[in-house]
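Shown below: upload.txt, with compact mmCIF, C-alpha atoms.
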```txt
# COMPACT_ATOMS: atom_id res chain seq x y z
CA MET O 1 24.51 21.67 -8.54
CA ALA O 2 21.70 19.54 -7.20
CA THR O 3 21.74 18.36 -3.60
CA THR O 4 23.49 15.03 -3.07
CA SER O 5 22.71 14.41 0.60
CA ILE O 6 20.26 15.88 3.11
CA GLN O 7 19.95 16.14 6.88
CA VAL O 8 16.46 16.10 8.35
CA ALA O 9 15.47 18.11 11.42
CA GLU O 10 13.46 15.45 13.24
CA THR O 11 10.59 16.31 15.53
CA PRO O 12 8.65 13.39 17.07
CA LEU O 13 6.04 13.61 14.27
CA VAL O 14 8.69 13.77 11.53
CA ARG O 15 10.47 10.80 13.10
CA LEU O 16 7.23 8.79 13.27
CA ALA O 17 6.42 9.47 9.63
CA LEU O 18 9.98 8.56 8.60
CA GLN O 19 9.88 5.33 10.62
CA ARG O 20 6.72 4.14 8.93
CA ALA O 21 7.83 5.43 5.52
CA ASP O 22 11.23 3.71 5.79
CA ASP O 23 9.50 0.48 6.92
CA ALA O 24 7.25 0.57 3.88
CA LEU O 25 9.96 1.54 1.38
CA VAL O 26 12.54 -0.99 2.57
CA LEU O 27 10.05 -3.88 2.65
CA GLY O 28 8.57 -2.75 -0.66
CA HIS O 29 12.06 -2.70 -2.19
CA ARG O 30 12.82 -6.19 -0.88
CA LEU O 31 9.57 -7.53 -2.36
CA SER O 32 10.30 -5.86 -5.69
CA GLU O 33 13.51 -7.94 -5.86
CA TRP O 34 11.24 -10.98 -6.42
CA CYS O 35 9.81 -9.51 -9.61
CA GLY O 36 10.48 -12.09 -12.33
CA HIS O 37 11.87 -14.63 -9.81
CA ALA O 38 8.87 -15.87 -7.79
CA PRO O 39 8.07 -19.59 -7.80
CA VAL O 40 4.82 -19.22 -9.79
CA LEU O 41 3.39 -16.47 -11.97
CA GLU O 42 0.46 -15.66 -9.64
CA GLU O 43 2.88 -15.17 -6.78
CA ASP O 44 5.21 -13.05 -8.88
CA ILE O 45 2.27 -10.73 -9.54
CA ALA O 46 1.12 -10.87 -5.91
CA LEU O 47 4.53 -9.90 -4.49
CA ALA O 48 4.83 -7.04 -6.99
CA ASN O 49 1.36 -5.86 -5.94
CA LEU O 50 2.32 -5.92 -2.27
CA ALA O 51 5.46 -3.96 -3.13
CA LEU O 52 3.37 -1.42 -5.01
CA ASP O 53 1.05 -0.90 -2.02
CA LEU O 54 4.02 -0.41 0.30
CA ILE O 55 5.90 1.98 -1.97
CA GLY O 56 2.67 3.97 -2.39
CA GLN O 57 2.29 4.20 1.38
CA ALA O 58 5.94 5.24 1.66
CA ARG O 59 5.38 8.10 -0.81
CA GLU O 60 2.48 9.52 1.19
CA LEU O 61 4.34 9.14 4.47
CA TYR O 62 7.46 10.84 3.10
CA ALA O 63 5.28 13.68 1.83
CA LEU O 64 3.79 13.99 5.31
CA ALA O 65 7.26 13.95 6.91
CA GLY O 66 8.51 16.63 4.53
CA GLU O 67 5.48 18.80 5.20
CA ALA O 68 5.84 18.37 8.98
CA GLU O 69 9.55 19.23 8.82
CA GLY O 70 8.84 22.34 6.76
CA ALA O 71 12.29 22.50 5.16
CA GLY O 72 11.10 21.84 1.63
CA HIS O 73 12.25 18.20 1.40
CA ASP O 74 10.07 16.18 -0.95
CA GLU O 75 9.38 12.44 -1.03
CA ASP O 76 12.18 11.72 -3.50
CA GLN O 77 14.81 13.59 -1.49
CA LEU O 78 13.78 11.81 1.70
CA ALA O 79 13.99 8.40 0.02
CA TYR O 80 17.13 8.90 -2.06
CA LEU O 81 19.31 11.38 -0.22
CA ARG O 82 19.46 10.16 3.36
CA ASN O 83 22.34 7.97 4.51
CA GLU O 84 21.97 4.54 6.09
CA ARG O 85 22.29 5.91 9.63
CA ALA O 86 19.37 8.27 8.97
CA TYR O 87 17.07 5.38 7.98
CA ARG O 88 14.64 4.51 10.76
CA ASN O 89 13.16 1.20 9.55
CA LEU O 90 12.76 -2.00 11.54
CA LEU O 91 15.69 -4.44 11.22
CA LEU O 92 13.21 -7.22 10.36
CA LEU O 93 12.26 -5.56 7.10
CA GLU O 94 15.77 -5.09 5.71
CA GLN O 95 16.62 -8.80 6.09
CA PRO O 96 17.37 -10.37 2.69
CA ASN O 97 14.60 -12.29 0.95
CA GLY O 98 16.23 -15.70 1.49
CA ASP O 99 13.99 -18.44 0.12
CA PHE O 100 10.26 -18.01 -0.49
CA ALA O 101 9.47 -19.26 3.05
CA LEU O 102 11.62 -16.54 4.61
CA THR O 103 9.97 -13.84 2.49
CA ILE O 104 6.51 -15.09 3.48
CA ALA O 105 7.40 -15.41 7.18
CA ARG O 106 8.83 -11.86 7.20
CA GLN O 107 5.70 -10.54 5.53
CA PHE O 108 3.38 -12.35 7.91
CA LEU O 109 5.19 -11.35 11.13
CA TYR O 110 5.14 -7.70 10.05
CA ALA O 111 1.60 -7.66 8.62
CA ALA O 112 0.21 -9.18 11.83
CA PHE O 113 1.60 -6.10 13.59
CA ILE O 114 1.16 -3.27 11.12
CA ASP O 115 -2.42 -4.05 10.11
CA PRO O 116 -3.81 -3.54 13.65
CA TRP O 117 -1.44 -0.57 14.09
CA TRP O 118 -2.96 1.17 11.07
CA ARG O 119 -6.47 0.27 12.21
CA ALA O 120 -5.75 1.78 15.64
CA THR O 121 -4.37 4.86 13.87
CA LEU O 122 -7.59 5.40 11.86
CA HIS O 123 -8.83 7.80 14.52
CA ALA O 124 -5.51 9.57 15.01
CA THR O 125 -5.70 13.25 15.87
CA HIS O 126 -3.39 14.02 12.93
CA PRO O 127 -5.73 14.22 9.90
CA GLY O 128 -2.95 13.49 7.40
CA LEU O 129 -1.89 10.32 9.19
CA ALA O 130 -5.51 9.21 9.69
CA ALA O 131 -6.13 9.65 5.95
CA ILE O 132 -3.14 7.45 5.09
CA ALA O 133 -4.32 4.90 7.67
CA ALA O 134 -7.74 4.69 6.00
CA LYS O 135 -6.16 3.22 2.85
CA ALA O 136 -3.25 1.41 4.46
CA GLU O 137 -5.33 -0.66 6.86
CA LYS O 138 -7.27 -2.21 3.97
CA GLU O 139 -4.12 -2.85 1.96
CA THR O 140 -2.26 -4.44 4.86
CA ALA O 141 -5.34 -6.56 5.66
CA TYR O 142 -4.85 -8.18 2.23
CA HIS O 143 -1.12 -8.60 2.94
CA LEU O 144 -1.89 -10.31 6.23
CA ARG O 145 -4.42 -12.67 4.71
CA HIS O 146 -2.19 -13.53 1.77
CA SER O 147 0.94 -14.19 3.81
CA ALA O 148 -0.99 -16.17 6.47
CA GLU O 149 -2.49 -18.42 3.78
CA TRP O 150 0.97 -19.11 2.37
CA LEU O 151 2.54 -19.76 5.77
CA ILE O 152 -0.17 -22.35 6.48
CA ARG O 153 0.34 -23.93 3.06
CA LEU O 154 4.11 -24.14 3.60
CA GLY O 155 4.01 -25.26 7.25
CA ASP O 156 1.33 -27.85 6.66
CA GLY O 157 2.76 -28.88 3.28
CA THR O 158 5.66 -31.20 2.51
CA PRO O 159 8.44 -32.07 5.01
CA GLU O 160 10.73 -29.79 2.99
CA SER O 161 8.37 -26.79 2.99
CA HIS O 162 7.66 -27.34 6.69
CA ARG O 163 11.37 -27.42 7.52
CA ARG O 164 12.03 -24.23 5.57
CA ALA O 165 9.08 -22.37 7.09
CA GLN O 166 10.20 -23.34 10.61
CA GLU O 167 13.78 -22.27 9.88
CA ALA O 168 12.53 -18.93 8.56
CA LEU O 169 10.51 -18.29 11.72
CA ASP O 170 13.42 -19.26 13.99
CA ARG O 171 15.76 -17.00 12.07
CA LEU O 172 13.47 -13.95 12.04
CA TRP O 173 12.06 -14.25 15.54
CA PRO O 174 14.81 -12.19 17.27
CA TYR O 175 13.80 -9.25 15.05
CA THR O 176 10.14 -9.23 16.11
CA GLY O 177 10.63 -7.55 19.50
CA GLU O 178 11.61 -4.25 17.89
CA MET O 179 8.08 -3.77 16.49
CA PHE O 180 6.72 -3.35 20.00
CA GLU O 181 9.10 -0.66 21.20
CA PRO O 182 7.00 2.19 22.63
CA ALA O 183 6.14 5.22 20.50
CA GLU O 184 7.38 8.58 21.74
CA ALA O 185 5.42 9.67 24.78
CA THR O 186 4.25 13.00 23.36
CA LEU O 187 2.79 11.27 20.28
CA VAL O 188 0.81 8.82 22.38
CA ALA O 189 -0.32 11.55 24.79
CA ASP O 190 -1.55 13.68 21.87
CA GLY O 191 -3.33 10.74 20.27
CA VAL O 192 -1.25 10.97 17.08
CA CYS O 193 -0.70 7.22 16.77
CA ALA O 194 -1.26 3.86 18.41
CA ASP O 195 1.30 2.75 20.97
CA PRO O 196 2.89 -0.51 19.75
CA PRO O 197 3.13 -2.25 23.18
CA GLY O 198 -0.68 -2.19 23.30
CA LEU O 199 -0.84 -4.29 20.13
CA ARG O 200 1.20 -7.20 21.43
CA GLU O 201 -1.80 -9.27 22.50
CA THR O 202 -3.51 -8.87 19.15
CA TRP O 203 -0.28 -9.88 17.44
CA ASN O 204 0.20 -12.90 19.73
CA ALA O 205 -3.33 -14.10 19.03
CA THR O 206 -2.91 -13.80 15.24
CA VAL O 207 0.51 -15.45 15.23
CA ASP O 208 -0.53 -18.30 17.53
CA ALA O 209 -3.68 -19.07 15.55
CA VAL O 210 -1.85 -19.14 12.20
CA LEU O 211 1.16 -21.11 13.49
CA ALA O 212 -1.16 -23.71 15.04
CA GLN O 213 -2.92 -24.18 11.72
CA ALA O 214 0.44 -24.29 9.95
CA THR O 215 1.71 -26.96 12.42
CA LEU O 216 4.70 -24.70 13.13
CA GLN O 217 6.35 -24.14 16.51
CA ARG O 218 6.37 -20.64 17.95
CA PRO O 219 10.05 -19.86 18.69
CA LYS O 220 10.96 -18.97 22.26
CA ASP O 221 11.28 -15.29 23.10
CA GLY O 222 14.94 -14.62 23.87
CA TRP O 223 17.30 -11.77 23.10
CA MET O 224 15.61 -9.30 20.78
CA GLN O 225 17.62 -7.26 18.28
CA THR O 226 17.15 -3.50 18.39
CA GLY O 227 18.65 -0.37 16.85
CA GLY O 228 16.81 0.27 13.57
CA ARG O 229 14.88 3.24 14.94
CA ALA O 230 18.20 4.83 15.98
CA GLY O 231 19.84 4.14 12.61
CA ARG O 232 21.95 1.19 13.80
CA HIS O 233 21.24 -1.35 11.10
CA THR O 234 22.29 -4.87 10.17
CA GLU O 235 24.87 -5.26 7.41
CA HIS O 236 22.07 -5.74 4.88
CA LEU O 237 20.63 -2.20 4.65
CA GLY O 238 23.74 -0.58 3.14
CA PRO O 239 23.77 -2.70 -0.04
CA LEU O 240 19.98 -2.28 -0.39
CA LEU O 241 20.29 1.51 -0.26
CA ALA O 242 23.26 1.44 -2.61
CA GLU O 243 21.01 -0.09 -5.25
CA LEU O 244 17.94 1.99 -4.37
CA GLN O 245 19.78 5.33 -4.29
CA TYR O 246 22.44 4.75 -6.94
CA MET O 247 20.97 6.89 -9.70
CA GLN O 248 20.27 10.01 -7.62
CA ARG O 249 23.68 9.82 -5.97
CA VAL O 250 25.58 9.46 -9.24
CA LEU O 251 23.45 11.86 -11.28
CA PRO O 252 22.00 14.22 -8.66
CA GLY O 253 18.60 15.58 -9.63
CA ALA O 254 18.28 13.29 -12.67
CA VAL O 255 14.77 13.22 -14.15
CA TRP O 256 13.30 11.33 -17.09
CA MET M 1 -19.07 33.32 -18.81
CA THR M 2 -20.42 32.84 -15.33
CA ASN M 3 -18.51 30.82 -12.79
CA ASN M 4 -21.25 28.20 -12.72
CA ASN M 5 -21.01 27.65 -16.44
CA LEU M 6 -17.23 27.45 -16.28
CA ARG M 7 -17.41 24.99 -13.42
CA GLN M 8 -19.87 22.78 -15.30
CA ARG M 9 -17.76 22.83 -18.47
CA ALA M 10 -14.65 21.97 -16.46
CA TRP M 11 -16.52 19.19 -14.64
CA ASP M 12 -17.78 17.72 -17.93
CA ALA M 13 -14.30 17.79 -19.44
CA ALA M 14 -12.69 16.17 -16.39
CA ALA M 15 -15.52 13.65 -15.91
CA ALA M 16 -14.95 12.21 -19.39
CA VAL M 17 -11.36 11.17 -18.62
CA VAL M 18 -11.09 7.37 -18.51
CA ASP M 19 -9.07 5.06 -16.29
CA PRO M 20 -6.06 4.05 -18.45
CA GLU M 21 -6.19 0.50 -17.09
CA ILE M 22 -9.98 0.01 -17.35
CA PRO M 23 -10.86 2.25 -20.29
CA VAL M 24 -14.63 1.60 -20.07
CA LEU M 25 -14.78 3.52 -16.78
CA THR M 26 -14.53 7.27 -16.47
CA ILE M 27 -13.10 8.84 -13.35
CA ALA M 28 -16.65 10.01 -12.58
CA ASP M 29 -17.90 6.39 -12.71
CA LEU M 30 -15.09 5.39 -10.36
CA GLY M 31 -15.81 8.16 -7.89
CA VAL M 32 -12.21 9.39 -8.25
CA LEU M 33 -13.34 12.85 -9.38
CA ARG M 34 -14.31 14.66 -6.18
CA ASP M 35 -14.70 18.33 -6.90
CA VAL M 36 -14.14 21.12 -9.39
CA ALA M 37 -13.70 24.63 -8.04
CA VAL M 38 -13.33 27.96 -9.82
CA THR M 39 -10.73 29.99 -7.94
CA PRO M 40 -9.14 33.37 -8.66
CA ASP M 41 -6.02 31.46 -9.79
CA GLY M 42 -7.90 29.22 -12.22
CA VAL M 43 -9.82 25.97 -12.14
CA GLU M 44 -8.89 23.41 -9.52
CA VAL M 45 -9.87 19.74 -9.94
CA ALA M 46 -9.76 17.51 -6.85
CA ILE M 47 -9.26 13.76 -7.20
CA THR M 48 -8.84 10.96 -4.66
CA PRO M 49 -6.46 8.05 -5.33
CA THR M 50 -8.00 4.57 -5.46
CA TYR M 51 -5.12 2.45 -4.20
CA THR M 52 -2.18 4.11 -2.45
CA GLY M 53 0.33 2.86 -4.99
CA CYS M 54 -1.92 2.94 -8.05
CA PRO M 55 0.36 3.83 -10.98
CA ALA M 56 -2.64 5.05 -13.01
CA MET M 57 -3.03 8.14 -10.83
CA ASN M 58 -0.13 10.02 -12.48
CA MET M 59 -1.60 9.22 -15.88
CA ILE M 60 -5.09 10.34 -14.79
CA THR M 61 -3.71 13.65 -13.51
CA LEU M 62 -2.01 14.27 -16.84
CA GLU M 63 -5.14 13.30 -18.79
CA ILE M 64 -7.28 15.75 -16.78
CA GLU M 65 -4.82 18.57 -17.44
CA LEU M 66 -4.89 17.77 -21.15
CA ALA M 67 -8.70 17.50 -21.24
CA LEU M 68 -9.14 20.92 -19.62
CA ASP M 69 -6.55 22.44 -21.90
CA ARG M 70 -8.35 21.04 -24.97
CA ALA M 71 -11.58 22.55 -23.65
CA GLY M 72 -9.81 25.91 -23.47
CA ILE M 73 -9.99 26.05 -19.68
CA ARG M 74 -6.75 27.64 -18.51
CA PRO M 75 -5.08 27.83 -16.10
CA ALA M 76 -6.10 24.58 -14.43
CA ARG M 77 -4.49 22.34 -11.89
CA VAL M 78 -5.20 18.99 -10.28
CA LYS M 79 -4.87 18.39 -6.59
CA THR M 80 -4.99 15.09 -4.75
CA ILE M 81 -7.01 14.77 -1.58
CA LEU M 82 -6.53 11.77 0.69
CA SER M 83 -9.40 12.30 3.10
CA PRO M 84 -12.03 10.95 3.08
CA ALA M 85 -10.34 7.89 1.60
CA TRP M 86 -11.75 6.47 -1.61
CA THR M 87 -13.76 3.28 -1.32
CA THR M 88 -15.30 0.98 -3.92
CA ASP M 89 -18.69 2.06 -2.52
CA TRP M 90 -18.23 5.32 -4.44
CA MET M 91 -18.39 3.51 -7.76
CA THR M 92 -21.64 4.40 -9.51
CA GLU M 93 -24.29 1.82 -10.52
CA ASP M 94 -23.59 2.75 -14.10
CA GLY M 95 -19.91 2.08 -13.49
CA ARG M 96 -20.66 -1.35 -12.02
CA ARG M 97 -22.77 -2.26 -15.06
CA LYS M 98 -20.03 -1.11 -17.45
CA LEU M 99 -17.45 -3.18 -15.57
CA ARG M 100 -19.60 -6.30 -15.82
CA GLU M 101 -20.13 -5.77 -19.54
CA TYR M 102 -16.37 -5.35 -19.94
CA GLY M 103 -15.84 -8.78 -18.30
CA ILE M 104 -14.79 -7.65 -14.83
CA ALA M 105 -16.86 -8.60 -11.79
CA PRO M 106 -17.73 -5.38 -9.93
CA PRO M 107 -16.65 -4.98 -6.29
CA PRO M 108 -19.00 -6.28 -3.61
CA ALA M 109 -21.00 -3.42 -2.10
CA ALA M 110 -20.34 -2.09 1.40
CA ALA M 111 -16.58 -2.12 1.77
CA SER M 112 -16.67 -3.13 5.39
CA ARG M 113 -14.14 -5.48 6.94
CA ARG M 114 -16.87 -8.13 6.71
CA ALA M 115 -16.93 -7.72 2.97
CA LEU M 116 -13.13 -7.67 2.93
CA PHE M 117 -12.81 -10.88 4.92
CA GLY M 118 -16.25 -12.42 5.01
CA ALA M 119 -17.68 -14.90 2.59
CA ASP M 120 -15.84 -14.25 -0.65
CA SER M 121 -18.01 -14.44 -3.71
CA ALA M 122 -18.22 -13.09 -7.23
CA ALA M 123 -20.74 -13.79 -9.94
CA CYS M 124 -19.17 -14.64 -13.29
CA PRO M 125 -19.41 -11.55 -15.53
CA HIS M 126 -19.57 -13.80 -18.63
CA CYS M 127 -22.37 -16.26 -17.82
CA GLY M 128 -23.72 -14.93 -14.52
CA SER M 129 -23.09 -18.16 -12.60
CA ALA M 130 -22.35 -17.92 -8.89
CA ASP M 131 -20.32 -21.13 -9.06
CA THR M 132 -16.91 -19.44 -9.10
CA GLU M 133 -13.57 -19.77 -7.32
CA LYS M 134 -10.80 -17.35 -6.50
CA LEU M 135 -7.46 -18.22 -8.08
CA SER M 136 -5.34 -15.40 -6.66
CA GLU M 137 -5.82 -12.49 -4.30
CA PHE M 138 -3.79 -10.31 -6.67
CA GLY M 139 -4.50 -9.84 -10.34
CA SER M 140 -3.33 -7.87 -13.35
CA THR M 141 -3.56 -4.52 -11.52
CA ALA M 142 -3.49 -3.47 -7.87
CA CYS M 143 -7.28 -3.22 -7.75
CA LYS M 144 -8.15 -6.67 -9.09
CA ALA M 145 -8.19 -10.32 -7.99
CA LEU M 146 -8.15 -13.31 -10.35
CA TRP M 147 -11.14 -15.69 -10.41
CA ARG M 148 -12.41 -18.61 -12.48
CA CYS M 149 -15.97 -19.64 -13.32
CA ARG M 150 -16.71 -23.33 -12.75
CA ALA M 151 -19.80 -23.17 -14.98
CA CYS M 152 -18.43 -21.63 -18.19
CA ARG M 153 -14.76 -22.33 -17.30
CA GLU M 154 -13.71 -18.78 -18.19
CA PRO M 155 -11.22 -16.90 -16.01
CA PHE M 156 -12.14 -13.36 -15.00
CA ASP M 157 -10.93 -10.40 -12.96
CA GLN M 158 -12.83 -9.07 -9.97
CA PHE M 159 -12.53 -5.48 -8.83
CA LYS M 160 -11.50 -5.95 -5.20
CA CYS M 161 -13.54 -4.60 -2.34
CA HIS M 162 -11.69 -1.63 -0.90
```
Translate the structure described by the file into structure tokens.
Amino acid sequence: MATTSIQVAETPLVRLALQRADDALVLGHRLSEWCGHAPVLEEDIALANLALDLIGQARELYALAGEAEGAGHDEDQLAYLRNERAYRNLLLLEQPNGDFALTIARQFLYAAFIDPWWRATLHATHPGLAAIAAKAEKETAYHLRHSAEWLIRLGDGTPESHRRAQEALDRLWPYTGEMFEPAEATLVADGVCADPPGLRETWNATVDAVLAQATLQRPKDGWMQTGGRAGRHTEHLGPLLAELQYMQRVLPGAVW
Amino acid sequence: MTNNNLRQRAWDAAAAVVDPEIPVLTIADLGVLRDVAVTPDGVEVAITPTYTGCPAMNMITLEIELALDRAGIRPARVKTILSPAWTTDWMTEDGRRKLREYGIAPPPAAASRRALFGADSAACPHCGSADTEKLSEFGSTACKALWRCRACREPFDQFKCH
């Protein structure tokens, strides 16, 4: 009988790889939900391309996590056989797509963080992570540019698109603080990855410049949601995983 | 047969495999084929993925295995290496010419961030005009953007700088 559920022995490196892998998979899955539903054909293709980049990054990060754990878990098992509480992704990324403005705002807020994070991780002491960063930083640079262009178009567009873009920002803002939670001390000390708090200024500068051009108001920093890294998710992750993992849970080990 | 001969035959067989999505380019033109080694356990072919999520990589791996098998080189296996990361700078001159003839604008040289985000330009692969505009950052595959030529009015794909 094939395995139906796995437990992962998490070291700091395994946890880091799972965090970034879960971020990429969950956001990639959300974007894939747009396939066939985007407002225009070019955008349908663009969102599917973004999803493809992210799911590709997730695969490599899961492979790295499995290798670092050393228990023989492969990328498929890590994606399909962990329960919701074992998922380590940011709460921002599991939020439902909403309208197109919300999807674009979510993409932009995350890309403005993750692109410099990958760039700062290019010279990581872990060769596997540095190799993934070398591809990911170029891919996320495209994601940042694409989502910024759309946010400007929506914010500086019609009264309706402006209203929706502002509402999307206001709604997502409380989820942005979680991106800047510090990495584990040993990882930073060993130079394995960039420490997120150090990227806040870069993020602020990107966000402020784009919002100004988009004629959108930066929401006030207030209470910031947290918990994703510890497996405490919003009500939206469960249904997402139910769809994502359905086949392997019902027919364990199914291949085709 | 000497190891050198075997290695060369294996290289030639692998180098002839084409990209399933851009069939005018071989994996040698693309710079995806990195190394062929003769080991005590058989021949080992090393390839580097272009884009992280490129769905063609699985197909390319399978095609290499089939090509070596047809050439009678057994056992053989394909391994993927991530570092150093592939860049469009590894595409050969011959590969760039073939792309253009196929109707795809080749990637700008020097895949620096400047090229990624600097002045965006692509010469039309149909008429050669520089009077072109980008329609969409993302095209028919992960590696391409969609452009249009203002001179001959034809749309075309550009292999993105990466």
Report as a list of chain:residue names all protein, DNA and RNA residues lying within 12 Å of O:Glu167, evaluated on all atoms listed in the file, omitting residues in the same chain fewer than 4 positions from it. O:Gly98, O:Asp99, O:Phe100, O:Ala101, O:Leu102, O:Thr103, O:Ala105, O:Arg106, O:Leu154, O:Gly155, O:Glu160, O:Ser161, O:His162, O:Arg163, O:Arg171, O:Leu172, O:Trp173, O:Leu216, O:Gln217, O:Arg218, O:Pro219
Rank nothing, just name the residue among M:Pro108, M:Pro155, M:Gly53, M:Gly128 nearest to chain O, using only C-alpha atoms.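 Of M:Pro108, M:Pro155, M:Gly53, M:Gly128, the one nearest chain O is M:Gly53, counting only C-alpha atoms.
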Work out how far apart atom CA of O:Glu94 and atom CA of O:His233 are and give it in Å to one decimal. 8.5 Å
Distance query M:Leu25 at most 8 Å, all atoms listed in the file, self and fewer than 3 positions along chain excluded, as a PyMOL selection string: chain M and resi 18-19+22+28-30+95+98-99
Can you tell me which residues surround M:Ile60 at a distance of at most 8 Å, considering all atoms listed in the file, apart from same-chain residues fewer than 3 positions away, and format the answer as a PDB file with C-alpha atoms, in the frame of the given file?
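Result file out_10.pdb:
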```pdb
ATOM      1  CA  VAL M  17     -11.360  11.170 -18.620  1.00  0.00           C
ATOM      2  CA  VAL M  18     -11.090   7.370 -18.510  1.00  0.00           C
ATOM      3  CA  ASP M  19      -9.070   5.060 -16.290  1.00  0.00           C
ATOM      4  CA  PRO M  20      -6.060   4.050 -18.450  1.00  0.00           C
ATOM      5  CA  ALA M  56      -2.640   5.050 -13.010  1.00  0.00           C
ATOM      6  CA  MET M  57      -3.030   8.140 -10.830  1.00  0.00           C
ATOM      7  CA  GLU M  63      -5.140  13.300 -18.790  1.00  0.00           C
ATOM      8  CA  ILE M  64      -7.280  15.750 -16.780  1.00  0.00           C
TER       9      ILE M  64
END
```
Using only C-alpha atoms, determine which residues of chain M fall within 12 Å of chain O; present them as number ranges by chain. M: 48-57, 80-88, 111-118, 134-147, 160-162
Correct to one decimal, the distance atom CA of M:Ala122-atom CA of O:Leu211 is 29.5 Å
